[in-house]
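Peer 1: Just dropping this structure here.
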Amino acid sequence: MVHLGLTGNTSFNFLLFRNFKKSVFGVPVNLSFCCTYWLNLLILGSSIIEIMHATSFELAYRYHKQLRIDLFILDLSLFGADGFHFLEKFPNERSNTIIVSAYNDLAIRAFEYGVLDYLTKPISEERLRLSLQRFFIRSNRKGKLNTSPIRIKTRLSKVDIHKLDVRLTDLMEVKKVYQNENLSLKSLAEELDLHPRQLSEFLNEKKHKTFTSFLHNYRIKEAKYLLERYPEKKISDIGFEVGYKSLSNFYDAFKKELKITASEYRQKNFISTISSNIAEPKNYINV
């Protein structure tokens with residue numbers, strides 16, 4: 001955890017997930033003054049107050065419970081465990097997480113979780129600076145900062161946003177590509193002639209959703225329609241029809257979205273329909 005003091009009275013907490021004896025930015029992370037130097041250098045002249053390291057997931061979870069953490073820097077390979085485990089356990093922190101990894105092939109999976117950025121080792125000073133600036137820009141939009149505007153590079157500068165929105169809507173609502181169980185951030189980006197990171201940025205910044213939540217929204221909306229329209233159809237068949245590979249994923253996503261199970265939703269809709277029919281006045285013709 002890096003406690004960061006910014007211009008004014010605003011302060012930020014950063015949880016830096018790294019192996020304790022490995023290196024970050026070319027210096028040992030257990031030497032806090034080295035981390036302080038680099039972060040001071042990169043984060044727009046801000047002043048670091050304190051640096052603490054989570055040397056296990058248990059300690060990281062304790063920090064998360066006890067402190068308000070604004071940004072997570074997560075190495076995908078640490079503590080003998082998979083860093084994606086943290087993203088699974090704390091889904092609300094995904095958009096506040098910068099992933100650090102030596103493997104390029106994990107980037108697509110990371111962006112499907114909706115992370116803020118993905119940095120490949122070795123990390124250059126400029127690349128890290130842009131990543132941290134992206135965090136501060138987003139924080140400023142949420143009202144956490146009161147700083148002067150910061151120019152930041154965007155991957156969408158040459159993309160026609162309106163045209164992209166229209167094409168994406170056509171793919172999802174007309175062609176219903178979400179019904180493809182193998183649809184991924186990469187494959188959807190290819191349909192739109194985009195890089196996966198461009199699509200991820202568009203969804204995060206313009207739709208305020210991660211790719212996963214964006215996909216779930218469409219699939220669950222379709223499932224609701226099918227549950228109402230075809231009461232005789234098996235719920236399991238509906239789950240597969242809307243694009244889920246496994247029923248457990250469908251059931252979990254449905255309950256997370258609507259706070260009730262698919263069977264409860266169907267039953268509630270059935271009762272509502274019956275009650276409506278009973279209450280509807282009958283028009284009799286006197287002969």
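Identifiers for the structure tokens are assigned positionally: chains receive A, B, ... in sequence, residues are indexed from 1 per chain, and ligands are indexed from 1 in the order shown.
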From region 44-281 of chain A, collect each residue whose DSSP state is strand (DSSP E or B) and return the set as a count of residues only.

Peer 2: 24

Peer 1: Near region 266-268 of chain A, within 8 Å and counting only C-alpha atoms, which residues show up once chain neighbours fewer than 5 positions away are dropped, as an NGL selection string?

Peer 2: :A and (227-228 or 231)

Peer 1: Suppose we keep C-alpha atoms; can you now write the selection as an mmCIF file, in the first residue's frame?

Peer 2:
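New file part.cif:
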data_model
loop_
_atom_site.group_PDB
_atom_site.id
_atom_site.type_symbol
_atom_site.label_atom_id
_atom_site.label_comp_id
_atom_site.auth_asym_id
_atom_site.auth_seq_id
_atom_site.Cartn_x
_atom_site.Cartn_y
_atom_site.Cartn_z
ATOM 1 C CA LEU A 227 -38.412 -17.084 -19.992
ATOM 2 C CA GLU A 228 -41.462 -14.862 -20.423
ATOM 3 C CA PRO A 231 -42.867 -20.790 -20.404
#

Peer 1: Would you list the contacts of Arg197 (chain A) as a list in words, taking every protein, DNA or RNA residue within 10 Å and counting only C-alpha atoms, but skipping same-chain residues closer than 4 positions in sequence?

Peer 2: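 Once the nearby chain positions are removed, what remains is Ala107, Ile108, Phe111, Glu112, Asp117, Tyr118, Arg155, Leu156, Leu185, Lys186, Ala189, Glu201, Phe202 and Leu203 of chain A.
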
Peer 1: Since we have the selection now, will you write its residues out, keeping C-alpha atoms, as a CSV table (one decimal), in the first residue's frame?

Peer 2:
chain,number,residue,atom,x,y,z
A,107,ALA,CA,-3.5,-9.3,-21.8
A,108,ILE,CA,-6.8,-10.2,-23.5
A,111,PHE,CA,-9.0,-6.7,-20.3
A,112,GLU,CA,-12.0,-9.0,-20.3
A,117,ASP,CA,-4.3,-1.2,-17.9
A,118,TYR,CA,-1.9,-4.1,-18.6
A,155,ARG,CA,-6.4,4.5,-28.3
A,156,LEU,CA,-9.6,5.9,-29.7
A,185,LEU,CA,-13.1,-9.5,-26.4
A,186,LYS,CA,-10.7,-10.3,-29.1
A,189,ALA,CA,-12.9,-6.4,-31.6
A,201,GLU,CA,-11.3,1.4,-23.6
A,202,PHE,CA,-14.6,2.1,-25.5
A,203,LEU,CA,-16.6,-0.1,-23.2

Peer 1: If you count only C-alpha atoms, which residues fall within 10 Å of region 235-252 of chain A, apart from same-chain ones fewer than 4 positions away, as a PyMOL selection string?

Peer 2: chain A and resi 176-183+215-216+218-227+230-231+256-257+259-263+266
